[in-house]
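Chemist: Pasting query_15.txt here (compact mmCIF, C-alpha atoms and all ligand atoms):
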```txt
# COMPACT_ATOMS: atom_id res chain seq x y z
CA MET A 1 109.47 6.44 -177.76
CA ILE A 2 106.12 8.12 -178.50
CA ASP A 3 107.28 11.70 -178.98
CA ALA A 4 109.60 14.34 -177.50
CA GLU A 5 107.11 15.25 -174.78
CA HIS A 6 106.83 11.68 -173.47
CA ALA A 7 110.58 11.07 -173.79
CA ASN A 8 111.29 14.23 -171.79
CA PHE A 9 108.66 13.34 -169.20
CA VAL A 10 110.10 9.88 -168.51
CA GLN A 11 113.63 11.27 -168.20
CA ARG A 12 112.52 14.05 -165.86
CA ASN A 13 110.15 11.92 -163.82
CA ASN A 14 112.58 9.06 -163.26
CA ASN A 15 115.64 11.16 -162.61
CA GLU A 16 114.14 14.08 -160.69
CA GLY A 17 112.26 11.61 -158.50
CA LEU A 18 115.43 9.76 -157.60
CA MET A 19 117.50 12.95 -157.27
CA ASN A 20 114.98 14.32 -154.76
CA ILE A 21 115.30 11.11 -152.74
CA LEU A 22 119.11 11.25 -152.86
CA TRP A 23 119.28 14.88 -151.71
CA ALA A 24 116.65 14.34 -149.02
CA THR A 25 118.52 11.24 -147.79
CA LYS A 26 121.76 13.21 -147.58
CA LYS A 27 120.07 15.96 -145.61
CA TYR A 28 117.78 14.05 -143.25
CA VAL A 29 118.79 10.37 -143.05
CA PRO A 30 122.35 10.00 -144.36
CA ASP A 31 122.68 6.57 -142.74
CA ALA A 32 119.58 5.15 -144.42
CA HIS A 33 119.93 2.32 -146.92
CA ILE A 34 118.16 3.07 -150.22
CA THR A 35 116.98 0.17 -152.37
CA THR A 36 116.51 1.38 -155.94
CA LEU A 37 114.73 -0.54 -158.68
CA ALA A 38 116.90 -0.38 -161.76
CA THR A 39 116.39 -2.71 -164.73
CA MET A 40 118.22 -5.51 -166.52
CA GLY A 41 117.30 -3.55 -169.67
CA GLU A 42 120.12 -1.13 -168.85
CA TYR A 43 122.68 -3.68 -169.97
CA GLY A 44 121.17 -4.34 -173.40
CA THR A 45 122.22 -7.55 -175.10
CA PRO A 46 126.05 -7.58 -175.30
CA ASN A 47 127.78 -10.52 -176.92
CA MET A 48 129.21 -11.73 -173.60
CA PRO A 49 127.93 -12.74 -170.15
CA ILE A 50 126.49 -9.89 -168.07
CA PRO A 51 128.00 -9.55 -164.57
CA GLU A 52 126.23 -8.00 -161.59
CA GLY A 53 127.03 -4.37 -162.14
CA PHE A 54 130.83 -4.51 -162.29
CA PHE A 55 133.48 -6.53 -164.11
CA GLU A 56 137.24 -6.82 -164.11
CA ILE A 57 138.77 -5.69 -167.38
CA GLU A 58 142.29 -5.62 -168.76
CA TYR A 59 143.12 -2.98 -171.36
CA GLU A 60 146.53 -2.01 -172.74
CA GLY A 61 148.23 -4.07 -170.05
CA MET A 62 146.33 -2.53 -167.12
CA LYS A 63 143.52 -3.98 -165.01
CA ASP A 64 140.61 -2.36 -163.24
CA THR A 65 137.16 -3.19 -161.89
CA LEU A 66 134.70 -0.99 -163.76
CA PRO A 67 130.95 -0.61 -164.20
CA PHE A 68 129.77 -3.01 -166.90
CA PRO A 69 128.71 -1.00 -170.00
CA ARG A 70 125.06 -0.02 -170.10
CA GLN A 71 123.39 -0.01 -173.52
CA GLY A 72 119.72 0.82 -173.03
CA GLY A 73 117.20 0.05 -175.75
CA SER A 74 114.82 3.02 -175.24
CA PHE A 75 114.80 6.49 -173.69
CA TYR A 76 113.14 4.89 -170.67
CA HIS A 77 116.13 2.56 -170.26
CA ILE A 78 118.52 5.46 -170.82
CA SER A 79 116.76 7.31 -167.98
CA LYS A 80 117.31 4.26 -165.76
CA ILE A 81 121.01 4.23 -166.69
CA GLN A 82 121.23 7.87 -165.66
CA SER A 83 119.55 6.95 -162.35
CA THR A 84 122.10 4.18 -161.81
CA HIS A 85 124.90 6.72 -162.34
CA ASN A 86 123.22 9.24 -160.04
CA VAL A 87 122.81 6.83 -157.15
CA ALA A 88 126.32 5.37 -157.56
CA PHE A 89 127.75 8.90 -157.59
CA ALA A 90 125.80 9.96 -154.48
CA CYS A 91 127.07 6.84 -152.68
CA LYS A 92 130.62 7.68 -153.70
CA ILE A 93 130.72 11.34 -152.71
CA TRP A 94 128.24 11.49 -149.82
CA LYS A 95 128.81 7.95 -148.55
CA LEU A 96 125.12 7.10 -148.85
CA LYS A 97 124.19 3.41 -148.87
CA SER A 98 122.30 1.82 -151.75
CA THR A 99 121.40 -1.51 -153.28
CA ASP A 100 120.71 -0.95 -156.97
CA ILE A 101 118.55 -3.86 -158.07
CA HIS A 102 118.70 -4.54 -161.80
CA GLN A 103 115.35 -6.19 -162.13
CA GLY A 104 114.22 -8.45 -164.94
CA VAL A 105 110.78 -8.35 -166.53
CA VAL A 106 108.13 -8.74 -163.82
CA TYR A 107 104.93 -10.75 -164.27
CA GLY A 108 101.94 -11.70 -162.15
CA THR A 109 98.67 -10.41 -160.78
CA ARG A 110 99.18 -10.81 -157.05
CA THR A 111 101.43 -11.36 -154.07
CA GLU A 112 100.56 -12.94 -150.72
CA GLU A 113 99.37 -9.54 -149.48
CA THR A 114 97.58 -8.00 -152.40
CA THR A 115 96.36 -8.06 -155.97
CA THR A 116 98.13 -5.51 -158.11
CA ARG A 117 97.55 -3.10 -160.92
CA PHE A 118 97.77 -5.04 -164.18
CA ASP A 119 98.99 -3.30 -167.35
CA PHE A 120 98.68 -4.98 -170.74
CA ASP A 121 99.10 -2.03 -173.08
CA GLU A 122 102.23 -1.67 -175.23
CA CYS A 123 103.88 0.92 -172.95
CA PHE A 124 103.44 -0.38 -169.42
CA GLY A 125 102.48 -3.99 -170.14
CA THR A 126 105.28 -6.54 -170.01
CA MET A 127 105.67 -9.65 -172.18
CA ILE A 128 104.05 -12.33 -170.02
CA ASN A 129 101.26 -10.07 -168.74
CA ARG A 130 100.42 -9.03 -172.29
CA ALA A 131 100.49 -12.61 -173.57
CA VAL A 132 98.07 -13.73 -170.84
CA ALA A 133 95.76 -10.76 -171.52
CA CYS A 134 95.63 -11.78 -175.21
CA ALA A 135 94.95 -15.42 -174.37
CA VAL A 136 92.17 -14.56 -171.90
CA ILE A 137 90.26 -12.67 -174.61
CA GLU A 138 91.09 -15.42 -177.13
CA ARG A 139 93.05 -13.10 -179.43
CA PRO A 140 96.44 -14.09 -180.87
CA ILE A 141 99.53 -13.70 -178.65
CA ILE A 142 101.78 -11.36 -180.63
CA PRO A 143 105.57 -11.80 -180.15
CA TYR A 144 107.48 -9.04 -181.92
CA GLY A 145 109.52 -9.99 -184.99
CA LEU A 146 111.25 -13.37 -184.83
CA GLY A 147 110.36 -13.69 -181.14
CA HIS A 148 113.89 -14.79 -180.28
CA GLN A 149 114.54 -11.85 -177.93
CA THR A 150 115.64 -13.35 -174.63
CA ARG A 151 115.21 -11.66 -171.25
CA GLY A 152 115.32 -12.54 -167.55
CA TYR A 153 111.88 -12.82 -165.90
CA ILE A 154 110.71 -12.85 -162.32
CA ALA A 155 107.30 -13.32 -160.70
CA LEU A 156 106.01 -10.28 -158.83
CA ARG A 157 105.90 -12.21 -155.52
CA ASP A 158 109.58 -13.17 -155.93
CA SER A 159 110.51 -9.63 -156.93
CA ILE A 160 109.05 -8.55 -153.58
CA GLN A 161 111.05 -11.31 -151.86
CA CYS A 162 114.26 -9.88 -153.39
CA ILE A 163 113.44 -6.34 -152.30
CA THR A 164 112.76 -7.67 -148.78
CA ILE A 165 116.15 -9.41 -148.76
CA SER A 166 117.79 -6.12 -149.76
CA VAL A 167 116.00 -4.12 -147.07
CA GLU A 168 116.84 -6.69 -144.38
CA ASN A 169 120.50 -7.01 -145.43
CA PRO A 170 122.02 -3.56 -145.95
CA PRO A 171 125.38 -3.54 -147.74
CA GLU A 172 128.63 -3.40 -145.83
CA GLY A 173 130.06 -0.96 -148.36
CA ASN A 174 128.22 1.96 -149.88
CA TYR A 175 126.94 0.74 -153.21
CA ARG A 176 126.16 -2.67 -154.63
CA VAL A 177 124.36 -3.97 -157.70
CA TRP A 178 122.25 -7.12 -157.89
CA ASN A 179 120.75 -8.69 -160.96
CA GLN A 180 117.29 -9.84 -160.00
CA PHE A 181 115.55 -12.37 -162.21
CA ASP A 182 114.62 -16.00 -161.96
CA GLU A 183 114.66 -17.58 -165.43
CA CYS A 184 115.44 -16.49 -168.99
CA TYR A 185 112.98 -17.10 -171.81
CA ARG A 186 112.65 -16.21 -175.48
CA CYS A 187 109.46 -14.33 -176.39
CA ASN A 188 108.31 -17.29 -178.54
CA GLN A 189 108.82 -19.69 -175.61
CA ILE A 190 106.62 -17.52 -173.43
CA ALA A 191 103.97 -17.33 -176.14
CA GLU A 192 103.98 -21.14 -176.41
CA ILE A 193 103.79 -21.75 -172.65
CA VAL A 194 100.96 -19.21 -172.25
CA ALA A 195 99.13 -20.76 -175.23
CA GLN A 196 99.45 -24.24 -173.66
CA VAL A 197 97.92 -23.06 -170.39
CA ALA A 198 95.14 -21.28 -172.29
CA TRP A 199 94.44 -24.49 -174.25
CA SER A 200 94.33 -26.54 -171.04
CA LEU A 201 91.66 -24.12 -169.75
CA GLY A 202 89.56 -24.55 -172.89
CA LEU A 203 90.45 -21.16 -174.36
CA LYS A 204 90.99 -20.75 -178.09
CA GLU A 205 94.72 -19.97 -178.43
CA SER A 206 96.95 -18.81 -181.26
CA ILE A 207 100.30 -17.09 -181.78
CA ARG A 208 101.00 -14.53 -184.51
CA ASN A 209 104.48 -13.06 -184.80
CA ILE A 210 104.05 -9.45 -185.93
CA GLU A 211 106.40 -6.89 -187.41
CA ASN A 212 108.73 -5.67 -184.69
CA PRO A 213 107.91 -2.03 -183.88
CA ARG A 214 111.24 -1.73 -182.00
CA ILE A 215 114.77 -1.45 -183.27
CA GLU A 216 116.51 -4.21 -181.32
CA SER A 217 118.57 -7.38 -181.82
CA GLU A 218 116.25 -10.27 -182.44
CA GLU A 219 119.05 -12.85 -182.47
CA HIS A 220 121.52 -12.38 -179.65
CA PHE A 221 123.53 -14.01 -176.89
CA TYR A 222 122.08 -13.65 -173.38
CA GLN A 223 123.72 -14.92 -170.24
CA PRO A 224 123.36 -12.60 -167.25
CA HIS A 225 124.66 -13.59 -163.81
CA HIS A 226 122.34 -13.53 -160.79
CA GLY A 227 124.10 -15.29 -157.94
CA LYS A 228 124.28 -12.58 -155.27
CA LEU A 229 120.65 -12.83 -154.19
CA HIS A 230 120.88 -16.61 -153.93
CA GLN A 231 123.86 -16.20 -151.61
CA LEU A 232 121.59 -14.18 -149.32
CA GLY A 233 118.88 -16.85 -149.34
CA PHE A 234 116.68 -16.01 -152.33
CA ARG A 235 114.76 -19.09 -153.54
CA SER A 236 112.05 -18.79 -156.14
CA THR A 237 108.71 -19.66 -154.56
CA THR A 238 106.79 -20.28 -157.76
CA THR A 239 107.23 -21.47 -161.36
CA LEU A 240 106.09 -19.77 -164.53
CA LEU A 241 103.44 -22.46 -165.00
CA GLU A 242 102.05 -22.15 -161.48
CA GLU A 243 102.00 -18.38 -161.69
CA LEU A 244 100.28 -18.47 -165.09
CA LYS A 245 97.45 -20.56 -163.64
CA ILE A 246 96.95 -17.94 -160.91
CA MET A 247 97.03 -15.16 -163.50
CA PHE A 248 94.42 -16.82 -165.72
CA ASN A 249 92.29 -17.43 -162.65
CA ASP A 250 92.47 -13.74 -161.73
CA LEU A 251 91.98 -12.45 -165.26
CA ILE A 252 89.25 -14.67 -166.71
CA PRO A 253 86.60 -13.02 -164.47
CA ASN A 254 87.87 -9.67 -165.85
CA LYS A 255 87.71 -10.74 -169.50
CA GLN A 256 85.12 -8.07 -170.39
CA ARG A 257 87.34 -5.29 -168.98
CA ILE A 258 90.26 -6.49 -171.11
CA LEU A 259 88.01 -6.78 -174.19
CA GLU A 260 86.90 -3.18 -173.73
CA ARG A 261 90.56 -2.10 -173.94
CA ALA A 262 91.72 -4.64 -176.53
CA ASP A 263 92.70 -1.88 -178.96
CA LYS A 264 95.59 -1.06 -176.59
CA ILE A 265 97.28 -4.42 -177.23
CA GLU A 266 98.48 -4.14 -180.83
CA PRO A 267 101.59 -1.89 -180.86
CA LYS A 268 101.26 1.48 -182.57
CA ILE A 269 104.43 3.17 -181.32
CA LYS A 270 107.52 2.67 -183.45
CA TRP A 271 111.12 3.15 -182.34
N1 LIG B 1 107.62 -3.99 -164.36
C1 LIG B 1 108.77 -4.49 -164.78
O1 LIG B 1 108.83 -5.50 -165.49
C2 LIG B 1 110.07 -3.84 -164.36
C3 LIG B 1 111.27 -4.42 -164.80
C4 LIG B 1 112.48 -3.86 -164.42
C5 LIG B 1 112.49 -2.73 -163.64
N2 LIG B 1 111.31 -2.16 -163.25
C6 LIG B 1 111.38 -0.98 -162.39
O2 LIG B 1 110.65 -1.22 -161.22
C7 LIG B 1 110.02 0.00 -160.77
C8 LIG B 1 108.55 -0.20 -160.59
O3 LIG B 1 108.03 -0.63 -161.82
P1 LIG B 1 106.49 -1.03 -162.00
O4 LIG B 1 106.39 -1.85 -163.23
O5 LIG B 1 105.95 -1.50 -160.69
O6 LIG B 1 105.89 0.36 -162.38
P2 LIG B 1 104.50 0.98 -162.04
O7 LIG B 1 104.30 2.05 -163.04
O8 LIG B 1 103.44 -0.07 -161.89
O9 LIG B 1 104.77 1.58 -160.60
C9 LIG B 1 105.56 2.70 -160.44
C10 LIG B 1 105.06 3.41 -159.17
O10 LIG B 1 105.81 4.59 -158.99
C11 LIG B 1 104.93 5.65 -158.74
N3 LIG B 1 105.56 6.89 -159.23
C12 LIG B 1 105.84 7.23 -160.51
N4 LIG B 1 106.44 8.44 -160.56
C13 LIG B 1 106.53 8.86 -159.27
C14 LIG B 1 107.05 10.04 -158.65
N5 LIG B 1 107.59 11.04 -159.34
N6 LIG B 1 107.00 10.11 -157.30
C15 LIG B 1 106.46 9.12 -156.57
N7 LIG B 1 105.96 7.99 -157.10
C16 LIG B 1 105.98 7.86 -158.44
C17 LIG B 1 103.67 5.30 -159.51
O11 LIG B 1 102.55 5.99 -159.02
C18 LIG B 1 103.59 3.82 -159.27
O12 LIG B 1 102.97 3.51 -158.05
C19 LIG B 1 110.38 1.06 -161.79
O13 LIG B 1 111.50 1.77 -161.30
C20 LIG B 1 110.75 0.26 -163.03
O14 LIG B 1 111.67 0.98 -163.81
C21 LIG B 1 110.11 -2.70 -163.59
```
As C-alpha cells, what does this structure read like?
Modeler:
Amino acid sequence: MIDAEHANFVQRNNNEGLMNILWATKKYVPDAHITTLATMGEYGTPNMPIPEGFFEIEYEGMKDTLPFPRQGGSFYHISKIQSTHNVAFACKIWKLKSTDIHQGVVYGTRTEETTTRFDFDECFGTMINRAVACAVIERPIIPYGLGHQTRGYIALRDSIQCITISVENPPEGNYRVWNQFDECYRCNQIAEIVAQVAWSLGLKESIRNIENPRIESEEHFYQPHHGKLHQLGFRSTTTLLEELKIMFNDLIPNKQRILERADKIEPKIKW
C-alpha cells in the first residue's frame, strides 16, 4: 500500500514465485506434496464464522460446497488470494497435491533450532513483535484506531509444528485448506499483556492508541474455525505469556539496535 511500484512488486513476487513452483512441480515431481503458506488475512472479517477453506451453502434452493469468500484487506492479501486460487486450480487440473495453510499472525524470536529474523517496522513487523519492540525501548505501544481488531495468532515455534504436521501427513485428496492459529486477541488485549510483562521486568510501559492508517473494520465479529490441525495432533507448546518472556529476554540485549531504527515503528503508509 506504499505506491504502484511496491503493489506491483508484491503481486508479481508472490504469484510468480508460486507459479514457478507449480509448473516445476508438474514437470519434475508431479507426485510431490506442496505445503503453501497462505494467510488468515485472505478471509477478511465477515460477519459469520470462518470455516477452513470451504463451506456448504444453499442458494435459490440448491446446495453446494464452495470456497469461502476471500476479502483481503491489502494488495498483499489480494496477492495471497490469487496464490490460493492458483494452487487450488493446479491441484484440480494437474492433480498436484497441496496443503494450503491459512496462517494467523506469527510472533516470536526463536524456535528450538534457531533464532530468527525479527521485523518490527510497519510493513513486515506483526502486531505482537512490534508491541514488544516498543516496550523494550520504553516507547508507547501503538494499537491502531480503537484497537478492537481481532485476529488469530500463533507462536513461530507452533507455526513450524503445524508445517511439520502438514509435511508428514500428505492429503488423501489433492487440495486441502487448514486454518492455522492458536488464540484470537484484540490489538488492545495484546498491548495490555505486553505492557504487563514489560512492567514486571521493570521497563517503563505505556499504550497510546493512534489514528488508524488502514481502512479496515475496527469493530467486527471474528470466529474462525481451526480444528483440522488438532485432529492431526497439533497441541500448542507455549502460551503468549511464556513466549513474551522469551522475546523480551532475546530483545533486551538488542535494545540499542531497535533504538537506532525506532523511526520505523510509527506508521507512515496510509491505505
Ligand atoms: N509473518 C506472519 O505473521 C504471516 C502470517 C500469515 C501468513 N504468512 C505467510 O508466511 C510466509 C512467510 O512469511 P514470513 O513472515 O516468514 O516472511 P519473511 O519475509 O520473513 O520470509 C519470507 C521468505 O521468503 C523468501 N522469498 C521472498 N521472495 C522469494 C522468491 N521470489 N523466491 C524465493 N524466496 C523468496 C525471503 O527471502 C524470506 O526468506 C509468507 O508466505 C507469508 O505470506 C506470514
Chemist: Suppose you want the space between atom CA of A:Gln180 and atom CA of A:Phe68; what is it in Å?
Modeler: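 Atom CA of A:Phe68 lies at a distance of 15.8 Å from atom CA of A:Gln180.
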Chemist: List the neighbours of stretch 7-14 of chain A out to 12 Å using only C-alpha atoms; skip same-chain residues closer than 5 positions along the sequence, and give me the result as JSON, numbers by chain.
Modeler: {"A": [1, 2, 19, 20, 21, 36, 37, 38, 74, 75, 76, 77, 78, 79, 80, 81, 82, 83, 84, 86, 123, 271]}
Chemist: Pick from A:Asn179, A:Thr237, A:Ser200, A:Thr126: nearest to ligand LIG 1 (chain B), with all atoms listed in the file counted?
Modeler: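 Among the listed residues, the smallest separation from ligand LIG 1 (chain B) belongs to A:Thr126.
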Chemist: Select all residues near (89.2, -25.0, -170.9) (cut-off 12 Å, inclusive, file coordinates), counting all atoms listed in the file, and output them as a list of chain:residue names.
Modeler: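 These residues have at least one counted atom within 12 Å: A:Ala135, A:Val136, A:Glu138, A:Ala195, A:Gln196, A:Val197, A:Ala198, A:Trp199, A:Ser200, A:Leu201, A:Gly202, A:Leu203, A:Lys204, A:Glu205, A:Lys245, A:Phe248, A:Asn249, A:Ile252.
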Chemist: Rank nothing, just name the residue among A:Phe181, A:Trp94, A:Phe55, A:Tyr28 nearest to ligand LIG 1 (chain B), using only C-alpha atoms and all ligand atoms.
Modeler: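 Among the listed residues, the smallest separation from ligand LIG 1 (chain B) belongs to A:Phe181.
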Chemist: Could you check which of A:Ile50, A:Ile142, A:Leu156, A:Ile246 is closest to ligand LIG 1 (chain B), using only C-alpha atoms and all ligand atoms?
Modeler: A:Leu156
Chemist: May I ask which of the residues A:Arg130, A:Lys63, A:His33, A:Lys27 is the closest one to ligand LIG 1 (chain B), counting all atoms listed in the file?
Modeler: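 The shortest atom-to-atom distance to ligand LIG 1 (chain B) comes from A:Arg130.
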Chemist: Would you pick out the contacts of A:Thr150 at 9 Å or less, using all atoms listed in the file, so that residues sharing its chain but fewer than 3 positions from it are not included, and give the list as number ranges by chain?
Modeler: A: 45, 147, 184-187, 218-222
Chemist: Looking at A:Tyr43, A:Phe54, A:Tyr175, A:Tyr144, which one is nearest to ligand LIG 1 (chain B), with distances taken over all atoms listed in the file?
Modeler: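 Distance minimum relative to ligand LIG 1 (chain B) lands on A:Tyr43.
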